[in-house]
Every structure is written in C-alpha cells, then in structure tokens.
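**Student:** Here's a structure for you.
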Amino acid sequence: MQEAFFQQCSDFFQSAWITNNGDCVQKLEKSLTKYLDISNIISCNSGTTALMLAVQSAGLAGKKIAVTPYTYVATLSALLWLGCTPVFVDVEPDTLCLSPDLLRRRLVKESDIAGVLPVHIYGLACDVESLDTICREQGTTLIYDGAQAFGSRYKGKSLLAYGDYSICSFHATKIFHTAEGGCVVSHTDEAHKALSLARAFGHIDDTHYCLGINGKMSELHAAMGLALLPGTDAEIEKRRKLHAAYEAALGSAKLIRPAIREGMEWNYAYYPILLSDEDLLLKVQRTLTAQGIYPRRYFYPALNMLSYLRPECKASCPVAEKAANHALCLPMHGDIDQEHVKIITNILLESL
C-alpha cells in the first residue's frame, strides 16, 4: 500500500497539480463508481461537507428535516450549519435505524417537513423499501447518511445506491478511507452537475453560477484512496473473521446486538453490543481502558439531548436515548487478531 501511495504522490508532484479536480481525484472517482457499481459520484474533503452539499443541492437548506437521533454528531451538524430545523424521529428497537412507522406519522402530522435523513447505523441497512415508499407518498426528499456503509450491500446493491442522494465518509477510521474525505452519490446527471459545481465554490473560470463551498478533495487524499481501495475486500474479510471470533467468545453472555436485515451483506465496520444499563457499560469501559483497550460509545449521547439545541428540537426519543446509554463498540479493525479478541472478551466476561 505504501509503495502505491508514494508512486501516486510522485506522479502528481511532478505535474504540480495537487488540487482542483486533478488526475488522482478523477481516477479515484472512476474507481469508486466501478467498485460500488453506481453511475454518479463526487469526492469531497469530508463526509460532513458531502452531506452539506447534498442537502444544499437538494434545495433543503433552511427547511425542516426529519432525522434519526442515533448517529454521530456530524449528521446533525451539517443540518444546523445550513440553517435546517432537525425533527428527531426515534429508531427501531431491534435495528437502531430510523423507524418508518414513526416517520410516516410525523410526516402526516407536519406537512412542512421537506426532507428525511436516515443513517445506515454501523453500516447496517435501514428499512430502505419502507422509507422509499413513505418519502415518495409524502413528496419528501430522501438523503441517506451512509458514512459507515462503504462496502455494505443490500439485496445485491451497494447501500450507497439507495435514496435520492447518499453520502459516505472516507475518514481514517472507516473501512475504506482517504485519511480525510467523503463522497456524494446521486442518480441523475443534473444532480451530479449541480453537486460538482457547488463543490468548487459554485463557479467555472470567472463565471459564478450558484452558492458554493470549497468541498474539493486534494490529490494527496485521493492518492491515499487509490492506494487503499484494492485492499478493501480483504479488510472486510478480516473483519468478518474477527466478528465471528467475537460471536463465538461472547455467545454465552447473551448480549444484545443490532439486528441484521435479511439480504444484507455487512462490511463489519463495528462490533456493537448493548449492555443492560449504563452503570455496567461504564464499568466495562473502565476495566478495558485500564488494560490499554479502548472501546467507544458509538453513539453517545442521543442527539436530541444536546444542550445547544433549541428547546423545540428536543423531542423525546426513548429508544435512541436508551441505546445511547447502553451501546458500546468493541475494537474492530484489520490490525487486531484472534488473540487480541480472546484477551478483550475474557476481560469483558469477567466484568460482566
């Protein structure tokens, strides 16, 4: 991987073209469309910028957006930066993805909700069929936050292929990454052109066409992606084996895990468990941390509980709030092995 990365860097340093849709960025976008089997993708400098571009290009800036409270804060941050009003809709207790039933009721009740932003949490699929039907019936734009979903497939298609738009994060913690980066997937040439224009300040040469932002990916980051993309399937396979090892070791503990929908080919991005209460979670976290093992509270707190939200945005979402207090993700990446899993699970079982 290092050799491939340095070769890409050597090429663009020789050309002296290090940003502004250079050769590496164009190569990466073509490679991603092939890997994901999708037609329109633009790379960005972060997943947050990607989401902002999708919301802006869909005409949703400043409008009410129904969103899950159980996700990383960047999902909400993108909406707030664009002046949107978040309308929190609780999640399903088994999958921890946005509840279609609750969404339908909310859209019927509040006809001014213009968009819906579910998250494929942990890289696991939302109920895409129900969400698509509801949004088409109600005339709302459907944007998926697939920040964690690269490499996940549902019913033979990349999870990023669903919705009117879909975004992904290429942050260094992800299955596939560019150190920092992200992308937007769209499904029409018109949407693709609008996104590409907005990503580059909204102008071509000296003519300004629309409001834009500097959302471009640099050649350096694209070079990282080109070096890593060929190893993505092998990384997913490593994680699949680690997941199986965790399952075998923790089977007797009867821990709750998010449900996986039939037809799902998971990327095994995370290994989340739900403990019986927050006190036990904190005990387990402290015990593991004392041994140099760092589990993460993905995702805490539930976003509807954030202190800086306007009071009218703080709707009760009991399922998400409970999950945020009970969920802990154990270490899951290609650099740990079966022996590490044994150590981690032994400490966890002792704590329990």
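Each chain in the structure tokens gets a letter, A, B and so on, in the order shown; residues start at 1 in every chain, and ligands are counted from 1 in the order they appear.
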Near Pro272 in chain A, within 8 Å and counting only C-alpha atoms, which residues show up once chain neighbours fewer than 5 positions away are dropped, as a list of chain:residue names?
**Tutor:**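 Surrounding residues, per the criterion: A:Tyr122, A:Arg257, A:Pro258, A:Tyr298, A:Ala327, A:Leu328, A:Cys329, A:Leu330.
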**Student:** Quick one: everything within 9 Å of Ala249 in chain A, counting only C-alpha atoms, minus sequence neighbours fewer than 6 positions away in the same chain. Send it as a PDB file with N, CA and C atoms, in the first residue's frame.
**Tutor:**
ATOM      1  N   VAL A 341      -8.727 -10.630  20.342  1.00  0.00           N
ATOM      2  CA  VAL A 341     -10.154 -10.841  20.621  1.00  0.00           C
ATOM      3  C   VAL A 341     -10.323 -11.669  21.890  1.00  0.00           C
ATOM      4  N   LYS A 342      -9.477 -12.679  22.060  1.00  0.00           N
ATOM      5  CA  LYS A 342      -9.556 -13.528  23.254  1.00  0.00           C
ATOM      6  C   LYS A 342      -9.291 -12.711  24.522  1.00  0.00           C
ATOM      7  N   THR A 345     -12.320 -10.243  25.104  1.00  0.00           N
ATOM      8  CA  THR A 345     -13.566 -10.898  25.543  1.00  0.00           C
ATOM      9  C   THR A 345     -13.417 -11.520  26.930  1.00  0.00           C
ATOM     10  N   ASN A 346     -12.231 -11.980  27.278  1.00  0.00           N
ATOM     11  CA  ASN A 346     -12.023 -12.515  28.634  1.00  0.00           C
ATOM     12  C   ASN A 346     -12.211 -11.405  29.676  1.00  0.00           C
TER      13      ASN A 346
END
**Student:** In range 242-340 of chain A, what's strand (DSSP E) per DSSP? Answer as a ChimeraX atom specification?
**Tutor:** /A:264-265,271-274,327-330
**Student:** May I ask which of the residues A:Ser276, A:Thr71, A:Thr85, A:Gln2 is the closest one to Lys254 in chain A, counting only C-alpha atoms?
**Tutor:**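 Answer, going by the shortest atom-to-atom distance: A:Ser276.
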**Student:** Choose the residue, out of A:Pro230, A:Pro118, A:Gly59, A:Gly47, that has the smallest atom-to-atom separation from Gly182 in chain A; count only C-alpha atoms.
**Tutor:**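 With only C-alpha atoms as the atom set, the closest residue is A:Gly47.
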**Student:** Which residues come within 8 Å of range 211-223 of chain A, counting only C-alpha atoms, excluding same-chain residues fewer than 3 positions away, as an MDAnalysis selection string?
**Tutor:** chainID A and resid 5 8:9 12 17:25 28 43:46 49:50 178:181 197:203 226:227
**Student:** Go through A:Val73, A:Ile121, A:Cys135, A:Ala54 and flag the residue nearest Ser152 in chain A, using only C-alpha atoms for the distances.
**Tutor:** A:Ile121
**Student:** I need the alpha helix (DSSP H) residues of range 81-321 of chain A per DSSP on the backbone, written as a PDB file with N, CA and C atoms, in the first residue's frame.
**Tutor:**
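To be explicit, this is the file written out as selection-v2.pdb:
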ATOM      1  N   TRP A  81     -25.589  23.787  10.305  1.00  0.00           N
ATOM      2  CA  TRP A  81     -24.795  24.756   9.562  1.00  0.00           C
ATOM      3  C   TRP A  81     -25.572  25.325   8.376  1.00  0.00           C
ATOM      4  N   PRO A 100     -39.626   3.623  10.236  1.00  0.00           N
ATOM      5  CA  PRO A 100     -40.545   4.052   9.179  1.00  0.00           C
ATOM      6  C   PRO A 100     -41.943   4.379   9.712  1.00  0.00           C
ATOM      7  N   ASP A 101     -42.424   3.616  10.670  1.00  0.00           N
ATOM      8  CA  ASP A 101     -43.770   3.855  11.207  1.00  0.00           C
ATOM      9  C   ASP A 101     -43.859   5.221  11.875  1.00  0.00           C
ATOM     10  N   LEU A 102     -42.874   5.532  12.697  1.00  0.00           N
ATOM     11  CA  LEU A 102     -42.866   6.832  13.373  1.00  0.00           C
ATOM     12  C   LEU A 102     -42.660   7.963  12.364  1.00  0.00           C
ATOM     13  N   LEU A 103     -41.850   7.701  11.341  1.00  0.00           N
ATOM     14  CA  LEU A 103     -41.636   8.718  10.311  1.00  0.00           C
ATOM     15  C   LEU A 103     -42.932   9.046   9.584  1.00  0.00           C
ATOM     16  N   ARG A 104     -43.677   8.020   9.206  1.00  0.00           N
ATOM     17  CA  ARG A 104     -44.929   8.247   8.489  1.00  0.00           C
ATOM     18  C   ARG A 104     -45.875   9.130   9.316  1.00  0.00           C
ATOM     19  N   ARG A 105     -45.993   8.805  10.590  1.00  0.00           N
ATOM     20  CA  ARG A 105     -46.878   9.602  11.447  1.00  0.00           C
ATOM     21  C   ARG A 105     -46.415  11.054  11.539  1.00  0.00           C
ATOM     22  N   ARG A 106     -45.119  11.253  11.614  1.00  0.00           N
ATOM     23  CA  ARG A 106     -44.584  12.609  11.743  1.00  0.00           C
ATOM     24  C   ARG A 106     -44.791  13.402  10.450  1.00  0.00           C
ATOM     25  N   LEU A 107     -44.592  12.752   9.298  1.00  0.00           N
ATOM     26  CA  LEU A 107     -44.772  13.450   8.023  1.00  0.00           C
ATOM     27  C   LEU A 107     -46.238  13.823   7.789  1.00  0.00           C
ATOM     28  N   VAL A 108     -47.146  12.964   8.209  1.00  0.00           N
ATOM     29  CA  VAL A 108     -48.575  13.273   8.078  1.00  0.00           C
ATOM     30  C   VAL A 108     -48.939  14.442   8.987  1.00  0.00           C
ATOM     31  N   LYS A 109     -48.337  14.445  10.175  1.00  0.00           N
ATOM     32  CA  LYS A 109     -48.640  15.486  11.159  1.00  0.00           C
ATOM     33  C   LYS A 109     -48.024  16.829  10.781  1.00  0.00           C
ATOM     34  N   VAL A 128     -35.005   0.267   3.769  1.00  0.00           N
ATOM     35  CA  VAL A 128     -34.979   1.154   2.600  1.00  0.00           C
ATOM     36  C   VAL A 128     -36.271   1.084   1.782  1.00  0.00           C
ATOM     37  N   GLU A 129     -36.899  -0.078   1.740  1.00  0.00           N
ATOM     38  CA  GLU A 129     -38.148  -0.184   0.968  1.00  0.00           C
ATOM     39  C   GLU A 129     -39.249   0.679   1.585  1.00  0.00           C
ATOM     40  N   SER A 130     -39.432   0.566   2.889  1.00  0.00           N
ATOM     41  CA  SER A 130     -40.487   1.338   3.554  1.00  0.00           C
ATOM     42  C   SER A 130     -40.201   2.832   3.502  1.00  0.00           C
ATOM     43  N   LEU A 131     -38.947   3.211   3.745  1.00  0.00           N
ATOM     44  CA  LEU A 131     -38.594   4.625   3.735  1.00  0.00           C
ATOM     45  C   LEU A 131     -38.788   5.233   2.347  1.00  0.00           C
ATOM     46  N   ASP A 132     -38.422   4.486   1.325  1.00  0.00           N
ATOM     47  CA  ASP A 132     -38.606   4.978  -0.044  1.00  0.00           C
ATOM     48  C   ASP A 132     -40.088   5.181  -0.350  1.00  0.00           C
ATOM     49  N   THR A 133     -40.909   4.211   0.018  1.00  0.00           N
ATOM     50  CA  THR A 133     -42.348   4.314  -0.231  1.00  0.00           C
ATOM     51  C   THR A 133     -42.951   5.517   0.486  1.00  0.00           C
ATOM     52  N   ILE A 134     -42.601   5.683   1.747  1.00  0.00           N
ATOM     53  CA  ILE A 134     -43.154   6.782   2.544  1.00  0.00           C
ATOM     54  C   ILE A 134     -42.744   8.136   1.962  1.00  0.00           C
ATOM     55  N   CYS A 135     -41.476   8.285   1.618  1.00  0.00           N
ATOM     56  CA  CYS A 135     -40.996   9.573   1.100  1.00  0.00           C
ATOM     57  C   CYS A 135     -41.624   9.892  -0.254  1.00  0.00           C
ATOM     58  N   ARG A 136     -41.843   8.896  -1.080  1.00  0.00           N
ATOM     59  CA  ARG A 136     -42.481   9.156  -2.382  1.00  0.00           C
ATOM     60  C   ARG A 136     -43.959   9.514  -2.192  1.00  0.00           C
ATOM     61  N   GLU A 137     -44.614   8.840  -1.268  1.00  0.00           N
ATOM     62  CA  GLU A 137     -46.018   9.169  -0.991  1.00  0.00           C
ATOM     63  C   GLU A 137     -46.164  10.601  -0.479  1.00  0.00           C
ATOM     64  N   GLN A 138     -45.230  11.019   0.369  1.00  0.00           N
ATOM     65  CA  GLN A 138     -45.336  12.330   1.017  1.00  0.00           C
ATOM     66  C   GLN A 138     -44.604  13.435   0.248  1.00  0.00           C
ATOM     67  N   ASP A 189     -27.883  13.022 -14.034  1.00  0.00           N
ATOM     68  CA  ASP A 189     -26.769  13.850 -14.499  1.00  0.00           C
ATOM     69  C   ASP A 189     -26.931  15.286 -14.008  1.00  0.00           C
ATOM     70  N   GLU A 190     -28.180  15.755 -13.932  1.00  0.00           N
ATOM     71  CA  GLU A 190     -28.442  17.119 -13.470  1.00  0.00           C
ATOM     72  C   GLU A 190     -27.973  17.306 -12.030  1.00  0.00           C
ATOM     73  N   ALA A 191     -28.308  16.341 -11.160  1.00  0.00           N
ATOM     74  CA  ALA A 191     -27.886  16.422  -9.759  1.00  0.00           C
ATOM     75  C   ALA A 191     -26.366  16.349  -9.643  1.00  0.00           C
ATOM     76  N   HIS A 192     -25.754  15.492 -10.450  1.00  0.00           N
ATOM     77  CA  HIS A 192     -24.300  15.334 -10.423  1.00  0.00           C
ATOM     78  C   HIS A 192     -23.600  16.634 -10.814  1.00  0.00           C
ATOM     79  N   LYS A 193     -24.098  17.287 -11.842  1.00  0.00           N
ATOM     80  CA  LYS A 193     -23.500  18.560 -12.280  1.00  0.00           C
ATOM     81  C   LYS A 193     -23.669  19.638 -11.213  1.00  0.00           C
ATOM     82  N   ALA A 194     -24.849  19.681 -10.591  1.00  0.00           N
ATOM     83  CA  ALA A 194     -25.096  20.684  -9.542  1.00  0.00           C
ATOM     84  C   ALA A 194     -24.167  20.467  -8.351  1.00  0.00           C
ATOM     85  N   LEU A 195     -23.974  19.224  -7.964  1.00  0.00           N
ATOM     86  CA  LEU A 195     -23.081  18.912  -6.846  1.00  0.00           C
ATOM     87  C   LEU A 195     -21.636  19.273  -7.176  1.00  0.00           C
ATOM     88  N   SER A 196     -21.215  18.939  -8.385  1.00  0.00           N
ATOM     89  CA  SER A 196     -19.839  19.227  -8.804  1.00  0.00           C
ATOM     90  C   SER A 196     -19.574  20.724  -8.823  1.00  0.00           C
ATOM     91  N   LEU A 197     -20.556  21.492  -9.266  1.00  0.00           N
ATOM     92  CA  LEU A 197     -20.417  22.945  -9.314  1.00  0.00           C
ATOM     93  C   LEU A 197     -20.362  23.529  -7.902  1.00  0.00           C
ATOM     94  N   ALA A 198     -21.268  23.099  -7.040  1.00  0.00           N
ATOM     95  CA  ALA A 198     -21.315  23.617  -5.672  1.00  0.00           C
ATOM     96  C   ALA A 198     -20.056  23.243  -4.896  1.00  0.00           C
ATOM     97  N   ARG A 199     -19.473  22.094  -5.193  1.00  0.00           N
ATOM     98  CA  ARG A 199     -18.252  21.644  -4.504  1.00  0.00           C
ATOM     99  C   ARG A 199     -17.068  22.579  -4.785  1.00  0.00           C
ATOM    100  N   GLU A 219      -5.320  16.044  -4.183  1.00  0.00           N
ATOM    101  CA  GLU A 219      -4.642  14.916  -4.817  1.00  0.00           C
ATOM    102  C   GLU A 219      -3.993  13.997  -3.783  1.00  0.00           C
ATOM    103  N   LEU A 220      -3.487  14.585  -2.704  1.00  0.00           N
ATOM    104  CA  LEU A 220      -2.846  13.781  -1.664  1.00  0.00           C
ATOM    105  C   LEU A 220      -3.834  12.798  -1.046  1.00  0.00           C
ATOM    106  N   HIS A 221      -5.035  13.271  -0.738  1.00  0.00           N
ATOM    107  CA  HIS A 221      -6.043  12.401  -0.149  1.00  0.00           C
ATOM    108  C   HIS A 221      -6.547  11.368  -1.163  1.00  0.00           C
ATOM    109  N   ALA A 222      -6.722  11.796  -2.403  1.00  0.00           N
ATOM    110  CA  ALA A 222      -7.159  10.854  -3.435  1.00  0.00           C
ATOM    111  C   ALA A 222      -6.112   9.764  -3.660  1.00  0.00           C
ATOM    112  N   ALA A 223      -4.827  10.131  -3.580  1.00  0.00           N
ATOM    113  CA  ALA A 223      -3.759   9.144  -3.733  1.00  0.00           C
ATOM    114  C   ALA A 223      -3.850   8.082  -2.648  1.00  0.00           C
ATOM    115  N   MET A 224      -4.166   8.512  -1.421  1.00  0.00           N
ATOM    116  CA  MET A 224      -4.362   7.557  -0.331  1.00  0.00           C
ATOM    117  C   MET A 224      -5.496   6.593  -0.671  1.00  0.00           C
ATOM    118  N   GLY A 225      -6.598   7.130  -1.192  1.00  0.00           N
ATOM    119  CA  GLY A 225      -7.730   6.284  -1.560  1.00  0.00           C
ATOM    120  C   GLY A 225      -7.383   5.299  -2.653  1.00  0.00           C
ATOM    121  N   LEU A 226      -6.662   5.747  -3.668  1.00  0.00           N
ATOM    122  CA  LEU A 226      -6.270   4.851  -4.768  1.00  0.00           C
ATOM    123  C   LEU A 226      -5.370   3.727  -4.272  1.00  0.00           C
ATOM    124  N   ALA A 227      -4.528   4.035  -3.277  1.00  0.00           N
ATOM    125  CA  ALA A 227      -3.640   3.010  -2.729  1.00  0.00           C
ATOM    126  C   ALA A 227      -4.396   1.990  -1.883  1.00  0.00           C
ATOM    127  N   LEU A 228      -5.449   2.436  -1.195  1.00  0.00           N
ATOM    128  CA  LEU A 228      -6.165   1.559  -0.260  1.00  0.00           C
ATOM    129  C   LEU A 228      -7.326   0.789  -0.886  1.00  0.00           C
ATOM    130  N   THR A 232      -9.695  -3.235  -0.026  1.00  0.00           N
ATOM    131  CA  THR A 232     -10.921  -3.086   0.763  1.00  0.00           C
ATOM    132  C   THR A 232     -11.605  -4.423   1.022  1.00  0.00           C
ATOM    133  N   ASP A 233     -11.728  -5.248   0.015  1.00  0.00           N
ATOM    134  CA  ASP A 233     -12.401  -6.542   0.207  1.00  0.00           C
ATOM    135  C   ASP A 233     -11.652  -7.413   1.215  1.00  0.00           C
ATOM    136  N   ALA A 234     -10.313  -7.364   1.171  1.00  0.00           N
ATOM    137  CA  ALA A 234      -9.524  -8.136   2.135  1.00  0.00           C
ATOM    138  C   ALA A 234      -9.729  -7.601   3.552  1.00  0.00           C
ATOM    139  N   GLU A 235      -9.849  -6.273   3.694  1.00  0.00           N
ATOM    140  CA  GLU A 235     -10.103  -5.682   5.008  1.00  0.00           C
ATOM    141  C   GLU A 235     -11.454  -6.126   5.557  1.00  0.00           C
ATOM    142  N   ILE A 236     -12.460  -6.144   4.694  1.00  0.00           N
ATOM    143  CA  ILE A 236     -13.792  -6.593   5.119  1.00  0.00           C
ATOM    144  C   ILE A 236     -13.753  -8.061   5.540  1.00  0.00           C
ATOM    145  N   GLU A 237     -13.013  -8.871   4.810  1.00  0.00           N
ATOM    146  CA  GLU A 237     -12.915 -10.290   5.148  1.00  0.00           C
ATOM    147  C   GLU A 237     -12.218 -10.479   6.500  1.00  0.00           C
ATOM    148  N   LYS A 238     -11.170  -9.698   6.786  1.00  0.00           N
ATOM    149  CA  LYS A 238     -10.517  -9.765   8.096  1.00  0.00           C
ATOM    150  C   LYS A 238     -11.515  -9.460   9.203  1.00  0.00           C
ATOM    151  N   ARG A 239     -12.314  -8.424   8.974  1.00  0.00           N
ATOM    152  CA  ARG A 239     -13.283  -8.013   9.991  1.00  0.00           C
ATOM    153  C   ARG A 239     -14.395  -9.052  10.150  1.00  0.00           C
ATOM    154  N   ARG A 240     -14.755  -9.693   9.064  1.00  0.00           N
ATOM    155  CA  ARG A 240     -15.777 -10.752   9.163  1.00  0.00           C
ATOM    156  C   ARG A 240     -15.294 -11.859  10.089  1.00  0.00           C
ATOM    157  N   LYS A 241     -14.024 -12.234   9.961  1.00  0.00           N
ATOM    158  CA  LYS A 241     -13.462 -13.280  10.812  1.00  0.00           C
ATOM    159  C   LYS A 241     -13.366 -12.822  12.267  1.00  0.00           C
ATOM    160  N   LEU A 242     -13.017 -11.557  12.477  1.00  0.00           N
ATOM    161  CA  LEU A 242     -12.981 -11.026  13.839  1.00  0.00           C
ATOM    162  C   LEU A 242     -14.369 -11.004  14.461  1.00  0.00           C
ATOM    163  N   HIS A 243     -15.357 -10.639  13.654  1.00  0.00           N
ATOM    164  CA  HIS A 243     -16.752 -10.643  14.124  1.00  0.00           C
ATOM    165  C   HIS A 243     -17.160 -12.048  14.565  1.00  0.00           C
ATOM    166  N   ALA A 244     -16.801 -13.039  13.757  1.00  0.00           N
ATOM    167  CA  ALA A 244     -17.130 -14.424  14.101  1.00  0.00           C
ATOM    168  C   ALA A 244     -16.428 -14.845  15.397  1.00  0.00           C
ATOM    169  N   ALA A 245     -15.203 -14.378  15.587  1.00  0.00           N
ATOM    170  CA  ALA A 245     -14.469 -14.718  16.814  1.00  0.00           C
ATOM    171  C   ALA A 245     -15.130 -14.071  18.030  1.00  0.00           C
ATOM    172  N   TYR A 246     -15.538 -12.823  17.906  1.00  0.00           N
ATOM    173  CA  TYR A 246     -16.274 -12.157  18.990  1.00  0.00           C
ATOM    174  C   TYR A 246     -17.566 -12.926  19.305  1.00  0.00           C
ATOM    175  N   GLU A 247     -18.291 -13.302  18.261  1.00  0.00           N
ATOM    176  CA  GLU A 247     -19.559 -14.010  18.454  1.00  0.00           C
ATOM    177  C   GLU A 247     -19.352 -15.325  19.201  1.00  0.00           C
ATOM    178  N   ALA A 248     -18.311 -16.059  18.795  1.00  0.00           N
ATOM    179  CA  ALA A 248     -18.042 -17.348  19.429  1.00  0.00           C
ATOM    180  C   ALA A 248     -17.658 -17.162  20.905  1.00  0.00           C
ATOM    181  N   ALA A 249     -16.858 -16.146  21.181  1.00  0.00           N
ATOM    182  CA  ALA A 249     -16.376 -15.944  22.548  1.00  0.00           C
ATOM    183  C   ALA A 249     -17.457 -15.400  23.475  1.00  0.00           C
ATOM    184  N   LEU A 250     -18.385 -14.616  22.931  1.00  0.00           N
ATOM    185  CA  LEU A 250     -19.381 -13.938  23.763  1.00  0.00           C
ATOM    186  C   LEU A 250     -20.761 -14.584  23.701  1.00  0.00           C
ATOM    187  N   GLU A 278     -26.396   1.624  32.022  1.00  0.00           N
ATOM    188  CA  GLU A 278     -25.237   2.493  31.804  1.00  0.00           C
ATOM    189  C   GLU A 278     -24.155   2.265  32.846  1.00  0.00           C
ATOM    190  N   ASP A 279     -24.514   1.939  34.065  1.00  0.00           N
ATOM    191  CA  ASP A 279     -23.506   1.689  35.100  1.00  0.00           C
ATOM    192  C   ASP A 279     -22.605   0.521  34.703  1.00  0.00           C
ATOM    193  N   LEU A 280     -23.224  -0.534  34.190  1.00  0.00           N
ATOM    194  CA  LEU A 280     -22.437  -1.683  33.747  1.00  0.00           C
ATOM    195  C   LEU A 280     -21.560  -1.301  32.559  1.00  0.00           C
ATOM    196  N   LEU A 281     -22.104  -0.521  31.634  1.00  0.00           N
ATOM    197  CA  LEU A 281     -21.322  -0.066  30.486  1.00  0.00           C
ATOM    198  C   LEU A 281     -20.076   0.680  30.952  1.00  0.00           C
ATOM    199  N   LEU A 282     -20.237   1.600  31.880  1.00  0.00           N
ATOM    200  CA  LEU A 282     -19.107   2.395  32.359  1.00  0.00           C
ATOM    201  C   LEU A 282     -18.088   1.525  33.085  1.00  0.00           C
ATOM    202  N   LYS A 283     -18.571   0.527  33.799  1.00  0.00           N
ATOM    203  CA  LYS A 283     -17.662  -0.409  34.475  1.00  0.00           C
ATOM    204  C   LYS A 283     -16.826  -1.174  33.456  1.00  0.00           C
ATOM    205  N   VAL A 284     -17.494  -1.704  32.423  1.00  0.00           N
ATOM    206  CA  VAL A 284     -16.785  -2.447  31.373  1.00  0.00           C
ATOM    207  C   VAL A 284     -15.781  -1.536  30.670  1.00  0.00           C
ATOM    208  N   GLN A 285     -16.210  -0.327  30.357  1.00  0.00           N
ATOM    209  CA  GLN A 285     -15.328   0.619  29.665  1.00  0.00           C
ATOM    210  C   GLN A 285     -14.090   0.928  30.508  1.00  0.00           C
ATOM    211  N   ARG A 286     -14.275   1.176  31.790  1.00  0.00           N
ATOM    212  CA  ARG A 286     -13.138   1.471  32.668  1.00  0.00           C
ATOM    213  C   ARG A 286     -12.175   0.286  32.761  1.00  0.00           C
ATOM    214  N   THR A 287     -12.749  -0.903  32.879  1.00  0.00           N
ATOM    215  CA  THR A 287     -11.911  -2.100  33.024  1.00  0.00           C
ATOM    216  C   THR A 287     -11.072  -2.335  31.779  1.00  0.00           C
ATOM    217  N   LEU A 288     -11.681  -2.215  30.614  1.00  0.00           N
ATOM    218  CA  LEU A 288     -10.945  -2.407  29.367  1.00  0.00           C
ATOM    219  C   LEU A 288      -9.902  -1.313  29.172  1.00  0.00           C
ATOM    220  N   THR A 289     -10.276  -0.079  29.464  1.00  0.00           N
ATOM    221  CA  THR A 289      -9.347   1.039  29.280  1.00  0.00           C
ATOM    222  C   THR A 289      -8.124   0.893  30.175  1.00  0.00           C
ATOM    223  N   ALA A 290      -8.317   0.383  31.379  1.00  0.00           N
ATOM    224  CA  ALA A 290      -7.198   0.173  32.301  1.00  0.00           C
ATOM    225  C   ALA A 290      -6.183  -0.820  31.743  1.00  0.00           C
ATOM    226  N   PRO A 318     -37.217   7.860  23.248  1.00  0.00           N
ATOM    227  CA  PRO A 318     -36.781   6.947  24.312  1.00  0.00           C
ATOM    228  C   PRO A 318     -35.947   5.767  23.837  1.00  0.00           C
ATOM    229  N   VAL A 319     -36.223   5.250  22.645  1.00  0.00           N
ATOM    230  CA  VAL A 319     -35.448   4.097  22.174  1.00  0.00           C
ATOM    231  C   VAL A 319     -34.008   4.511  21.891  1.00  0.00           C
ATOM    232  N   ALA A 320     -33.838   5.625  21.195  1.00  0.00           N
ATOM    233  CA  ALA A 320     -32.496   6.123  20.892  1.00  0.00           C
ATOM    234  C   ALA A 320     -31.751   6.514  22.164  1.00  0.00           C
ATOM    235  N   GLU A 321     -32.453   7.140  23.105  1.00  0.00           N
ATOM    236  CA  GLU A 321     -31.817   7.559  24.349  1.00  0.00           C
ATOM    237  C   GLU A 321     -31.323   6.352  25.147  1.00  0.00           C
TER     238      GLU A 321
END
**Student:** So that I can check the surroundings of Lys63 in chain A, please list as JSON, numbers by chain every protein, DNA and RNA residue that reaches within 9 Å of it, counting only C-alpha atoms and ignoring chain neighbours fewer than 2 positions away.
**Tutor:** {"A": [59, 60, 61, 65, 82, 83, 84, 85, 86, 112, 113, 114, 115]}
**Student:** Name the closest residue to Glu312 in chain A among the candidates A:Val87, A:Glu110, A:Ala172, A:Tyr209; distances are taken between atoms, counting only C-alpha atoms.
**Tutor:**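 Checking each candidate against Glu312 in chain A, we get A:Val87 as the closest.
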**Student:** To one decimal place, how far is CA of Leu79 in chain A from CA of Asp164 in chain A in Å?
**Tutor:**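 Computing the Euclidean distance for CA of Leu79 in chain A and CA of Asp164 in chain A yields 16.8 Å.
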**Student:** Which one of A:Gln7, A:Gln148, A:Thr140, A:Ser77 sits closest to Ala269 in chain A if you count only C-alpha atoms?
**Tutor:**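 Looking at the shortest contact to Ala269 in chain A, the residue is A:Gln148.
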**Student:** Check the smallest atom-to-atom distance from each of A:Ser186, A:Gln291, A:Ser111, A:Ser39 to Lys64 in chain A using only C-alpha atoms, then report the winner.
**Tutor:**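 With only C-alpha atoms as the atom set, the closest residue is A:Ser111.
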**Student:** Kindly give the distance, in Å, that separates CA of Ala161 in chain A and CA of Val185 in chain A, rounded to a single decimal.
**Tutor:**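 So the two atoms, CA of Ala161 in chain A and CA of Val185 in chain A, lie 7.2 Å apart.
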**Student:** Rounded to one decimal place, report the CA of Ile167 in chain A-CA of Cys317 in chain A distance in Å.
**Tutor:**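 These atoms are spaced 24.4 Å apart.
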